[in-house]
>>> print(open('my_file27.cif').read())   # mmCIF, C-alpha atoms
data_coords
#
loop_
_atom_site.group_PDB
_atom_site.id
_atom_site.type_symbol
_atom_site.label_atom_id
_atom_site.label_comp_id
_atom_site.auth_asym_id
_atom_site.auth_seq_id
_atom_site.Cartn_x
_atom_site.Cartn_y
_atom_site.Cartn_z
ATOM 1 C CA MET F 1 35.650 -41.071 -69.415
ATOM 2 C CA LYS F 2 36.110 -44.809 -68.881
ATOM 3 C CA LEU F 3 33.352 -47.338 -68.257
ATOM 4 C CA THR F 4 35.170 -48.718 -65.218
ATOM 5 C CA GLU F 5 35.246 -45.226 -63.690
ATOM 6 C CA PHE F 6 31.476 -45.099 -63.229
ATOM 7 C CA VAL F 7 30.145 -48.654 -63.596
ATOM 8 C CA VAL F 8 29.835 -50.164 -60.105
ATOM 9 C CA ARG F 9 31.497 -53.578 -60.236
ATOM 10 C CA ASP F 10 29.210 -55.092 -57.598
ATOM 11 C CA ALA F 11 26.153 -53.740 -59.442
ATOM 12 C CA VAL F 12 26.735 -55.860 -62.535
ATOM 13 C CA ILE F 13 23.915 -58.398 -62.994
ATOM 14 C CA PRO F 14 25.004 -60.908 -65.646
ATOM 15 C CA GLU F 15 21.793 -62.922 -65.735
ATOM 16 C CA LEU F 16 18.859 -60.638 -65.083
ATOM 17 C CA GLN F 17 15.622 -62.618 -64.675
ATOM 18 C CA VAL F 18 12.710 -60.233 -64.989
ATOM 19 C CA SER F 19 9.486 -59.966 -66.898
ATOM 20 C CA SER F 20 8.967 -56.213 -66.967
ATOM 21 C CA LYS F 21 10.776 -52.945 -67.428
ATOM 22 C CA GLU F 22 9.886 -51.864 -63.892
ATOM 23 C CA ASP F 23 11.258 -55.094 -62.390
ATOM 24 C CA ALA F 24 14.499 -54.582 -64.310
ATOM 25 C CA VAL F 25 14.853 -51.038 -62.983
ATOM 26 C CA LYS F 26 14.020 -52.180 -59.423
ATOM 27 C CA GLN F 27 16.633 -54.935 -59.501
ATOM 28 C CA MET F 28 19.307 -52.670 -60.930
ATOM 29 C CA VAL F 29 18.637 -49.906 -58.391
ATOM 30 C CA GLY F 30 18.618 -52.638 -55.725
ATOM 31 C CA ALA F 31 22.048 -53.763 -56.930
ATOM 32 C CA LEU F 32 23.380 -50.219 -56.470
ATOM 33 C CA ARG F 33 21.930 -50.244 -52.929
ATOM 34 C CA ASP F 34 23.461 -53.650 -52.155
ATOM 35 C CA ALA F 35 26.777 -52.319 -53.432
ATOM 36 C CA GLY F 36 26.485 -49.480 -50.921
ATOM 37 C CA ARG F 37 26.326 -46.749 -53.568
ATOM 38 C CA ILE F 38 22.812 -45.521 -52.805
ATOM 39 C CA SER F 39 20.961 -45.655 -49.496
ATOM 40 C CA ALA F 40 17.917 -47.824 -48.866
ATOM 41 C CA ASP F 41 16.071 -44.604 -47.957
ATOM 42 C CA HIS F 42 16.410 -43.335 -51.526
ATOM 43 C CA GLU F 43 15.968 -46.595 -53.401
ATOM 44 C CA GLY F 44 12.220 -46.219 -54.012
ATOM 45 C CA ASP F 45 12.557 -42.577 -54.921
ATOM 46 C CA ILE F 46 15.272 -43.297 -57.488
ATOM 47 C CA THR F 47 13.302 -46.174 -59.022
ATOM 48 C CA LEU F 48 10.246 -43.927 -59.316
ATOM 49 C CA ALA F 49 12.255 -41.107 -60.913
ATOM 50 C CA ILE F 50 13.712 -43.504 -63.488
ATOM 51 C CA MET F 51 10.257 -44.856 -64.355
ATOM 52 C CA LYS F 52 8.923 -41.285 -64.685
ATOM 53 C CA ARG F 53 11.782 -40.496 -67.060
ATOM 54 C CA GLU F 54 10.772 -43.504 -69.162
ATOM 55 C CA GLU F 55 7.344 -41.918 -69.580
ATOM 56 C CA LEU F 56 9.000 -39.079 -71.523
ATOM 57 C CA GLY F 57 10.211 -41.609 -74.053
ATOM 58 C CA SER F 58 11.830 -44.994 -73.741
ATOM 59 C CA THR F 59 15.570 -45.087 -73.159
ATOM 60 C CA GLY F 60 15.606 -48.290 -75.205
ATOM 61 C CA ILE F 61 17.704 -46.708 -77.931
ATOM 62 C CA GLY F 62 17.939 -49.619 -80.346
ATOM 63 C CA ARG F 63 20.579 -52.304 -80.937
ATOM 64 C CA GLY F 64 19.075 -54.266 -78.006
ATOM 65 C CA VAL F 65 20.241 -51.639 -75.537
ATOM 66 C CA ALA F 66 18.516 -49.502 -72.913
ATOM 67 C CA VAL F 67 20.024 -46.733 -70.805
ATOM 68 C CA PRO F 68 17.462 -45.900 -68.081
ATOM 69 C CA HIS F 69 18.630 -42.956 -65.991
ATOM 70 C CA THR F 70 17.853 -40.169 -63.585
ATOM 71 C CA LYS F 71 19.481 -37.493 -61.533
ATOM 72 C CA HIS F 72 19.378 -37.732 -57.784
ATOM 73 C CA ALA F 73 20.773 -35.395 -55.172
ATOM 74 C CA SER F 74 21.802 -38.274 -52.895
ATOM 75 C CA VAL F 75 24.662 -39.332 -55.172
ATOM 76 C CA ASP F 76 27.820 -37.272 -55.396
ATOM 77 C CA GLU F 77 29.183 -38.840 -58.550
ATOM 78 C CA LEU F 78 27.921 -40.626 -61.646
ATOM 79 C CA ILE F 79 27.199 -44.292 -60.914
ATOM 80 C CA CYS F 80 25.979 -47.063 -63.171
ATOM 81 C CA ALA F 81 24.550 -50.565 -62.856
ATOM 82 C CA VAL F 82 24.822 -53.006 -65.768
ATOM 83 C CA ALA F 83 22.459 -55.893 -66.469
ATOM 84 C CA LEU F 84 22.256 -58.525 -69.181
ATOM 85 C CA CYS F 85 18.952 -60.165 -70.018
ATOM 86 C CA GLU F 86 19.525 -63.187 -72.224
ATOM 87 C CA ALA F 87 15.839 -63.767 -72.955
ATOM 88 C CA GLY F 88 15.283 -60.174 -74.004
ATOM 89 C CA LEU F 89 12.996 -57.677 -72.314
ATOM 90 C CA ASP F 90 10.187 -55.554 -73.697
ATOM 91 C CA PHE F 91 11.391 -52.012 -73.028
ATOM 92 C CA ALA F 92 9.120 -50.169 -75.491
ATOM 93 C CA SER F 93 12.314 -49.417 -77.400
ATOM 94 C CA LEU F 94 12.474 -46.874 -80.212
ATOM 95 C CA ASP F 95 13.013 -49.677 -82.732
ATOM 96 C CA GLY F 96 10.387 -51.965 -81.161
ATOM 97 C CA GLU F 97 12.975 -54.691 -80.495
ATOM 98 C CA PRO F 98 13.633 -56.370 -77.130
ATOM 99 C CA VAL F 99 16.461 -55.193 -74.892
ATOM 100 C CA TYR F 100 19.354 -57.464 -73.887
ATOM 101 C CA ILE F 101 21.839 -54.981 -72.422
ATOM 102 C CA LEU F 102 20.968 -52.355 -69.795
ATOM 103 C CA PHE F 103 23.105 -49.551 -68.389
ATOM 104 C CA LEU F 104 21.286 -47.721 -65.554
ATOM 105 C CA LEU F 105 22.731 -44.332 -64.667
ATOM 106 C CA VAL F 106 22.235 -42.155 -61.593
ATOM 107 C CA SER F 107 23.973 -38.789 -61.629
ATOM 108 C CA PRO F 108 24.225 -35.740 -59.355
ATOM 109 C CA PRO F 109 21.891 -32.928 -60.527
ATOM 110 C CA ASP F 110 24.672 -30.346 -60.550
ATOM 111 C CA ARG F 111 26.909 -32.239 -62.958
ATOM 112 C CA PRO F 112 25.063 -32.534 -66.283
ATOM 113 C CA GLY F 113 28.391 -32.759 -68.134
ATOM 114 C CA ASP F 114 29.257 -36.009 -66.373
ATOM 115 C CA HIS F 115 25.897 -37.455 -67.396
ATOM 116 C CA LEU F 116 26.562 -36.512 -71.039
ATOM 117 C CA ARG F 117 30.072 -37.976 -70.905
ATOM 118 C CA GLY F 118 28.726 -41.183 -69.368
ATOM 119 C CA LEU F 119 26.097 -41.508 -72.097
ATOM 120 C CA GLU F 120 28.732 -40.809 -74.753
ATOM 121 C CA THR F 121 31.065 -43.429 -73.335
ATOM 122 C CA ILE F 122 28.363 -46.094 -73.140
ATOM 123 C CA THR F 123 26.931 -45.449 -76.584
ATOM 124 C CA ARG F 124 30.377 -45.220 -78.210
ATOM 125 C CA HIS F 125 31.131 -48.775 -77.092
ATOM 126 C CA LEU F 126 27.636 -50.039 -77.849
ATOM 127 C CA LYS F 127 28.076 -49.018 -81.477
ATOM 128 C CA ASP F 128 30.737 -51.727 -81.643
ATOM 129 C CA ASP F 129 29.091 -55.001 -82.707
ATOM 130 C CA ASP F 130 31.834 -57.126 -81.129
ATOM 131 C CA PHE F 131 31.486 -55.355 -77.793
ATOM 132 C CA CYS F 132 27.716 -55.964 -77.769
ATOM 133 C CA ARG F 133 28.104 -59.607 -78.787
ATOM 134 C CA PHE F 134 30.752 -60.396 -76.189
ATOM 135 C CA LEU F 135 28.803 -58.530 -73.518
ATOM 136 C CA ARG F 136 25.672 -60.543 -74.254
ATOM 137 C CA GLN F 137 27.690 -63.757 -74.007
ATOM 138 C CA SER F 138 29.101 -62.840 -70.584
ATOM 139 C CA LYS F 139 27.834 -64.997 -67.737
ATOM 140 C CA THR F 140 29.706 -63.666 -64.721
ATOM 141 C CA GLN F 141 30.432 -60.309 -63.089
ATOM 142 C CA GLU F 142 34.130 -60.945 -63.626
ATOM 143 C CA HIS F 143 33.710 -61.552 -67.328
ATOM 144 C CA VAL F 144 31.613 -58.399 -67.776
ATOM 145 C CA TRP F 145 34.158 -56.382 -65.826
ATOM 146 C CA GLU F 146 37.047 -57.701 -67.908
ATOM 147 C CA LEU F 147 35.177 -56.762 -71.067
ATOM 148 C CA LEU F 148 34.506 -53.223 -69.799
ATOM 149 C CA ALA F 149 38.148 -52.817 -68.793
ATOM 150 C CA GLU F 150 39.290 -54.119 -72.157
ATOM 151 C CA ALA F 151 36.989 -51.671 -73.942
ATOM 152 C CA ASP F 152 38.383 -48.830 -71.806
ATOM 153 C CA GLY F 153 41.880 -49.756 -72.853
ATOM 154 C CA GLY F 154 41.125 -49.001 -76.459
ATOM 155 C CA ALA F 155 39.164 -45.827 -75.809
ATOM 156 C CA PRO F 156 40.440 -42.268 -75.868
ATOM 157 C CA THR F 157 40.463 -40.681 -72.429
ATOM 158 C CA MET A 1 27.452 -33.841 -104.770
ATOM 159 C CA THR A 2 29.340 -30.571 -104.503
ATOM 160 C CA GLU A 3 29.961 -28.413 -101.485
ATOM 161 C CA SER A 4 27.321 -25.963 -102.728
ATOM 162 C CA ASP A 5 24.653 -28.673 -102.320
ATOM 163 C CA VAL A 6 25.175 -28.730 -98.575
ATOM 164 C CA THR A 7 22.891 -26.576 -96.449
ATOM 165 C CA ARG A 8 24.576 -25.623 -93.218
ATOM 166 C CA ARG A 9 23.628 -23.598 -90.131
ATOM 167 C CA THR A 10 25.290 -23.026 -86.798
ATOM 168 C CA VAL A 11 23.295 -23.476 -83.587
ATOM 169 C CA THR A 12 24.045 -23.065 -79.897
ATOM 170 C CA VAL A 13 22.863 -25.526 -77.264
ATOM 171 C CA GLY A 14 20.713 -23.581 -74.811
ATOM 172 C CA LEU A 15 19.509 -26.497 -72.708
ATOM 173 C CA PRO A 16 20.909 -26.340 -69.161
ATOM 174 C CA ASN A 17 21.499 -30.091 -69.197
ATOM 175 C CA GLY A 18 22.997 -30.088 -72.656
ATOM 176 C CA LEU A 19 22.006 -32.303 -75.542
ATOM 177 C CA HIS A 20 20.906 -35.302 -73.500
ATOM 178 C CA MET A 21 18.768 -38.213 -74.592
ATOM 179 C CA VAL A 22 15.371 -36.494 -74.837
ATOM 180 C CA PRO A 23 16.485 -33.694 -77.180
ATOM 181 C CA CYS A 24 18.613 -36.171 -79.136
ATOM 182 C CA SER A 25 15.502 -38.323 -79.651
ATOM 183 C CA GLY A 26 13.610 -35.235 -80.795
ATOM 184 C CA ILE A 27 16.282 -34.395 -83.357
ATOM 185 C CA ALA A 28 16.449 -37.987 -84.606
ATOM 186 C CA LYS A 29 12.668 -38.202 -85.032
ATOM 187 C CA LEU A 30 12.614 -34.971 -86.987
ATOM 188 C CA ALA A 31 15.629 -35.872 -89.127
ATOM 189 C CA ALA A 32 14.095 -39.252 -89.930
ATOM 190 C CA LYS A 33 11.236 -37.464 -91.696
ATOM 191 C CA SER A 34 13.696 -35.987 -94.188
ATOM 192 C CA ALA A 35 14.845 -37.689 -97.376
ATOM 193 C CA SER A 36 18.174 -35.860 -97.066
ATOM 194 C CA THR A 37 21.350 -36.909 -95.312
ATOM 195 C CA VAL A 38 21.344 -34.851 -92.113
ATOM 196 C CA ARG A 39 24.372 -34.440 -89.877
ATOM 197 C CA ILE A 40 25.275 -32.526 -86.753
ATOM 198 C CA VAL A 41 28.914 -31.626 -86.298
ATOM 199 C CA GLY A 42 30.712 -30.583 -83.114
ATOM 200 C CA ASN A 43 33.369 -31.670 -80.620
ATOM 201 C CA ASN A 44 35.297 -33.264 -83.519
ATOM 202 C CA VAL A 45 32.356 -35.601 -84.087
ATOM 203 C CA THR A 46 30.120 -35.861 -87.137
ATOM 204 C CA ALA A 47 26.842 -37.449 -86.055
ATOM 205 C CA ASP A 48 24.116 -38.896 -88.244
ATOM 206 C CA ALA A 49 21.171 -36.791 -87.065
ATOM 207 C CA LYS A 50 18.819 -39.740 -87.594
ATOM 208 C CA SER A 51 20.639 -41.820 -84.958
ATOM 209 C CA VAL A 52 20.243 -41.161 -81.221
ATOM 210 C CA LEU A 53 23.381 -43.227 -80.577
ATOM 211 C CA ASP A 54 25.331 -40.988 -82.947
ATOM 212 C CA LEU A 55 23.918 -37.752 -81.546
ATOM 213 C CA LEU A 56 24.910 -38.761 -78.019
ATOM 214 C CA GLN A 57 28.517 -38.920 -79.237
ATOM 215 C CA LEU A 58 28.446 -35.099 -79.519
ATOM 216 C CA LYS A 59 28.262 -34.785 -75.690
ATOM 217 C CA ALA A 60 27.205 -31.203 -76.332
ATOM 218 C CA GLU A 61 26.902 -29.224 -73.131
ATOM 219 C CA CYS A 62 24.978 -25.978 -72.627
ATOM 220 C CA GLY A 63 26.652 -23.251 -74.674
ATOM 221 C CA ALA A 64 28.238 -25.635 -77.191
ATOM 222 C CA GLU A 65 28.188 -24.545 -80.830
ATOM 223 C CA LEU A 66 27.147 -27.162 -83.360
ATOM 224 C CA ILE A 67 26.749 -27.187 -87.122
ATOM 225 C CA VAL A 68 23.558 -28.642 -88.593
ATOM 226 C CA GLU A 69 24.055 -29.674 -92.205
ATOM 227 C CA ALA A 70 22.112 -31.610 -94.804
ATOM 228 C CA GLU A 71 22.481 -32.805 -98.359
ATOM 229 C CA GLY A 72 19.536 -33.809 -100.490
ATOM 230 C CA GLU A 73 16.372 -32.607 -102.096
ATOM 231 C CA ASP A 74 14.798 -31.279 -98.903
ATOM 232 C CA ALA A 75 18.072 -30.287 -97.221
ATOM 233 C CA ALA A 76 17.097 -26.681 -96.535
ATOM 234 C CA ALA A 77 13.811 -27.679 -94.888
ATOM 235 C CA ALA A 78 15.507 -30.389 -92.830
ATOM 236 C CA VAL A 79 18.136 -27.987 -91.507
ATOM 237 C CA GLU A 80 15.533 -25.309 -90.842
ATOM 238 C CA SER A 81 13.326 -27.678 -88.831
ATOM 239 C CA ILE A 82 16.220 -28.815 -86.648
ATOM 240 C CA VAL A 83 17.533 -25.279 -86.173
ATOM 241 C CA ARG A 84 14.018 -24.395 -85.032
ATOM 242 C CA LEU A 85 14.276 -27.030 -82.271
ATOM 243 C CA PHE A 86 17.395 -25.340 -80.963
ATOM 244 C CA GLU A 87 15.930 -21.845 -81.321
ATOM 245 C CA THR A 88 12.857 -22.781 -79.278
ATOM 246 C CA ASN A 89 15.078 -24.643 -76.810
ATOM 247 C CA PHE A 90 13.157 -27.843 -77.577
ATOM 248 C CA ASP A 91 10.108 -26.253 -75.969
ATOM 249 C CA PRO A 92 6.835 -28.051 -76.744
ATOM 250 C CA ASP A 93 5.107 -24.670 -76.688
ATOM 251 C CA GLY A 94 7.184 -23.498 -79.614
ATOM 252 C CA ASP A 95 5.056 -22.328 -82.503
ATOM 253 C CA ARG A 96 5.731 -25.356 -84.657
ATOM 254 C CA PRO A 97 4.049 -28.669 -83.910
ATOM 255 C CA GLU A 98 7.088 -30.733 -84.908
ATOM 256 C CA SER A 99 9.147 -29.152 -82.152
ATOM 257 C CA ALA A 100 7.060 -31.076 -79.636
ATOM 258 C CA ASN A 101 9.800 -32.139 -77.302
ATOM 259 C CA THR A 102 10.398 -31.512 -73.668
ATOM 260 C CA ASP A 103 13.401 -30.666 -71.623
ATOM 261 C CA THR A 104 12.418 -31.122 -68.060
ATOM 262 C CA ALA A 105 14.467 -31.371 -64.938
ATOM 263 C CA LEU A 106 15.058 -34.989 -65.805
ATOM 264 C CA PRO A 107 18.054 -35.732 -68.018
#
>>> encode(input="my_file27.cif", output="structure tokens")
Amino acid sequence: MKLTEFVVRDAVIPELQVSSKEDAVKQMVGALRDAGRISADHEGDITLAIMKREELGSTGIGRGVAVPHTKHASVDELICAVALCEAGLDFASLDGEPVYILFLLVSPPDRPGDHLRGLETITRHLKDDDFCRFLRQSKTQEHVWELLAEADGGAPT
Amino acid sequence: MTESDVTRRTVTVGLPNGLHMVPCSGIAKLAAKSASTVRIVGNNVTADAKSVLDLLQLKAECGAELIVEAEGEDAAAAVESIVRLFETNFDPDGDRPESANTDTALP
């Protein structure tokens, strides 16, 4: 699976300005709505489901990265918003460190395999120090997209 | 370290949603308590069981067979405790307190 297959280009937020985990999730879900990938009717529901999932354990998985996610029946394929927070965000991460890179995933309930493949794809790239560094330095949607496409080019399909 | 020092068991993923982030976190927390090197092998991936990022590389779906292996002084106990997670399907009501993880409808 390639990043550019499920990341929504118009839902990339290169300079996320928020002060809380919930605000970050709201803005990222809002970006998916603005991009036309989820309906306004489901926006609140999806945000709530993602925050409830966080209660099970933070998706801040270390290395300055968080992958908040949920399933939702209103989407028919895996979709993902990306946000970069230069100042760092308290995400109650497993390692206690702030989060700078966020990948927010929404997947159809009947396709758990796609969710696993999306998580694998994201975390495989995030293990690469250069990828994380360049991503954090990106200031525009175009730059982020180029970086994702470049990473895809070197990845096994 | 010789091959005979490695404790190894095969497990099957019984979770309908596969080995997603919550069970991976549960495995990593448990593995971190061990002084041994603990690995989970499957899908041509060898994952450090103490790393959630590594475990997610397994992309193990329901029904997948994985090998839990450990090397070190408490290798057998480490493998046993992780196998127990799989055997109880990561159910918090399992009869061991350290298997306190949940697999709900959320991924």
>>> resolve_selection(input="my_file27.cif", expression="the PyMOL selection byres ((chain F and resi 3) around 8)", output="list in words")
Met1, Lys2, Thr4, Glu5, Phe6, Val7, Gly118, Thr121, Ile122, Leu148, Ala149 and Asp152 of chain F
>>> residues_around(input="my_file27.cif", residues="Met21 in chain A", least_positions_apart="6", cutoff="10 Å", atoms="all atoms listed in the file", output="list in words")
Gly57, Ser58, Thr59, Ile61, Val67, His69, Leu116 and Leu119 of chain F; Ile27, Val52, Leu53, Leu55, Leu56, Asp103 and Pro107 of chain A
>>> write_last_selection(input="my_file27.cif", atoms="C-alpha atoms", output="tab-separated table (two decimals), in the coordinates of the input")
chain	number	residue	atom	x	y	z
F	57	GLY	CA	10.21	-41.61	-74.05
F	58	SER	CA	11.83	-44.99	-73.74
F	59	THR	CA	15.57	-45.09	-73.16
F	61	ILE	CA	17.70	-46.71	-77.93
F	67	VAL	CA	20.02	-46.73	-70.81
F	69	HIS	CA	18.63	-42.96	-65.99
F	116	LEU	CA	26.56	-36.51	-71.04
F	119	LEU	CA	26.10	-41.51	-72.10
A	27	ILE	CA	16.28	-34.40	-83.36
A	52	VAL	CA	20.24	-41.16	-81.22
A	53	LEU	CA	23.38	-43.23	-80.58
A	55	LEU	CA	23.92	-37.75	-81.55
A	56	LEU	CA	24.91	-38.76	-78.02
A	103	ASP	CA	13.40	-30.67	-71.62
A	107	PRO	CA	18.05	-35.73	-68.02
>>> closest_residue(input="my_file27.cif", among="F:Asp10, F:Asp23, F:Ser74, F:Glu15", to="Gln137 in chain F", atoms="all atoms listed in the file")
F:Glu15
>>> resolve_selection(input="my_file27.cif", expression="the PyMOL selection byres ((chain F) within 6 of (chain A))", output="list in words")
Pro112, Leu116, Glu120 and Thr123 of chain F
>>> residues_around(input="my_file27.cif", residues="Gln17 in chain F", least_positions_apart="2", cutoff="10 Å", atoms="only C-alpha atoms", output="list in words")
Ile13, Pro14, Glu15, Ser19, Ser20, Asp23, Ala24, Gln27, Ala83, Leu84, Cys85, Glu86, Ala87, Gly88 and Leu89 of chain F
>>> atom_distance(input="my_file27.cif", atom1="CA of Val79 in chain A", atom2="CA of His115 in chain F")
27.0 Å
>>> closest_residue(input="my_file27.cif", among="F:Leu78, F:Ala35, F:Ala92, F:Val29", to="Glu55 in chain F", atoms="only C-alpha atoms")
F:Ala92
>>> resolve_selection(input="my_file27.cif", expression="the PyMOL selection byres ((chain A and resi 31) around 10)", output="list in words")
Ser25, Gly26, Ile27, Ala28, Lys29, Leu30, Ala32, Lys33, Ser34, Ala35, Ser36, Thr37, Val38, Arg39, Asp48, Ala49, Lys50, Ser51, Ala70, Ala78, Val79, Ser81 and Ile82 of chain A
>>> closest_residue(input="my_file27.cif", among="A:Val6, A:Val68, A:Pro23, A:Val13", to="Phe90 in chain A", atoms="all atoms listed in the file")
A:Pro23
>>> residues_around(input="my_file27.cif", residues="Glu54 in chain F", least_positions_apart="6", cutoff="10 Å", atoms="only C-alpha atoms", output="ChimeraX atom specification")
/F:21-22,48,60,67-70,91-92
>>> atom_distance(input="my_file27.cif", atom1="CA of Arg53 in chain F", atom2="CA of Ala81 in chain F")
16.8 Å
>>> build_atoms(input="my_file27.cif", residues="range 40-58 of chain F", atoms="N, CA and C atoms", output="PDB file, keeping the file's coordinate frame")
ATOM      1  N   ALA F  40      19.227 -47.172 -48.792  1.00  0.00           N
ATOM      2  CA  ALA F  40      17.917 -47.824 -48.866  1.00  0.00           C
ATOM      3  C   ALA F  40      16.806 -46.784 -48.797  1.00  0.00           C
ATOM      4  N   ASP F  41      17.072 -45.668 -48.092  1.00  0.00           N
ATOM      5  CA  ASP F  41      16.071 -44.604 -47.957  1.00  0.00           C
ATOM      6  C   ASP F  41      15.688 -43.999 -49.311  1.00  0.00           C
ATOM      7  N   HIS F  42      16.646 -43.994 -50.234  1.00  0.00           N
ATOM      8  CA  HIS F  42      16.410 -43.335 -51.526  1.00  0.00           C
ATOM      9  C   HIS F  42      16.079 -44.302 -52.656  1.00  0.00           C
ATOM     10  N   GLU F  43      16.130 -45.583 -52.349  1.00  0.00           N
ATOM     11  CA  GLU F  43      15.968 -46.595 -53.401  1.00  0.00           C
ATOM     12  C   GLU F  43      14.630 -46.443 -54.156  1.00  0.00           C
ATOM     13  N   GLY F  44      13.542 -46.316 -53.383  1.00  0.00           N
ATOM     14  CA  GLY F  44      12.220 -46.219 -54.012  1.00  0.00           C
ATOM     15  C   GLY F  44      12.068 -44.954 -54.834  1.00  0.00           C
ATOM     16  N   ASP F  45      12.611 -43.877 -54.269  1.00  0.00           N
ATOM     17  CA  ASP F  45      12.557 -42.577 -54.921  1.00  0.00           C
ATOM     18  C   ASP F  45      13.298 -42.601 -56.267  1.00  0.00           C
ATOM     19  N   ILE F  46      14.453 -43.222 -56.271  1.00  0.00           N
ATOM     20  CA  ILE F  46      15.272 -43.297 -57.488  1.00  0.00           C
ATOM     21  C   ILE F  46      14.576 -44.169 -58.539  1.00  0.00           C
ATOM     22  N   THR F  47      14.025 -45.287 -58.090  1.00  0.00           N
ATOM     23  CA  THR F  47      13.302 -46.174 -59.022  1.00  0.00           C
ATOM     24  C   THR F  47      12.132 -45.421 -59.656  1.00  0.00           C
ATOM     25  N   LEU F  48      11.402 -44.689 -58.820  1.00  0.00           N
ATOM     26  CA  LEU F  48      10.246 -43.927 -59.316  1.00  0.00           C
ATOM     27  C   LEU F  48      10.676 -42.862 -60.329  1.00  0.00           C
ATOM     28  N   ALA F  49      11.773 -42.173 -60.018  1.00  0.00           N
ATOM     29  CA  ALA F  49      12.255 -41.107 -60.913  1.00  0.00           C
ATOM     30  C   ALA F  49      12.665 -41.698 -62.264  1.00  0.00           C
ATOM     31  N   ILE F  50      13.290 -42.867 -62.233  1.00  0.00           N
ATOM     32  CA  ILE F  50      13.712 -43.504 -63.488  1.00  0.00           C
ATOM     33  C   ILE F  50      12.486 -43.910 -64.302  1.00  0.00           C
ATOM     34  N   MET F  51      11.466 -44.454 -63.630  1.00  0.00           N
ATOM     35  CA  MET F  51      10.257 -44.856 -64.355  1.00  0.00           C
ATOM     36  C   MET F  51       9.521 -43.629 -64.920  1.00  0.00           C
ATOM     37  N   LYS F  52       9.551 -42.512 -64.167  1.00  0.00           N
ATOM     38  CA  LYS F  52       8.923 -41.285 -64.685  1.00  0.00           C
ATOM     39  C   LYS F  52       9.665 -40.782 -65.916  1.00  0.00           C
ATOM     40  N   ARG F  53      10.990 -40.901 -65.882  1.00  0.00           N
ATOM     41  CA  ARG F  53      11.782 -40.496 -67.060  1.00  0.00           C
ATOM     42  C   ARG F  53      11.415 -41.351 -68.272  1.00  0.00           C
ATOM     43  N   GLU F  54      11.143 -42.621 -68.043  1.00  0.00           N
ATOM     44  CA  GLU F  54      10.772 -43.504 -69.162  1.00  0.00           C
ATOM     45  C   GLU F  54       9.467 -43.055 -69.818  1.00  0.00           C
ATOM     46  N   GLU F  55       8.613 -42.395 -69.018  1.00  0.00           N
ATOM     47  CA  GLU F  55       7.344 -41.918 -69.580  1.00  0.00           C
ATOM     48  C   GLU F  55       7.561 -40.816 -70.624  1.00  0.00           C
ATOM     49  N   LEU F  56       8.687 -40.125 -70.535  1.00  0.00           N
ATOM     50  CA  LEU F  56       9.000 -39.079 -71.523  1.00  0.00           C
ATOM     51  C   LEU F  56       9.381 -39.671 -72.865  1.00  0.00           C
ATOM     52  N   GLY F  57       9.735 -40.937 -72.838  1.00  0.00           N
ATOM     53  CA  GLY F  57      10.211 -41.609 -74.053  1.00  0.00           C
ATOM     54  C   GLY F  57      11.151 -42.705 -73.592  1.00  0.00           C
ATOM     55  N   SER F  58      11.012 -43.872 -74.185  1.00  0.00           N
ATOM     56  CA  SER F  58      11.830 -44.994 -73.741  1.00  0.00           C
ATOM     57  C   SER F  58      13.310 -44.713 -73.954  1.00  0.00           C
TER      58      SER F  58
END
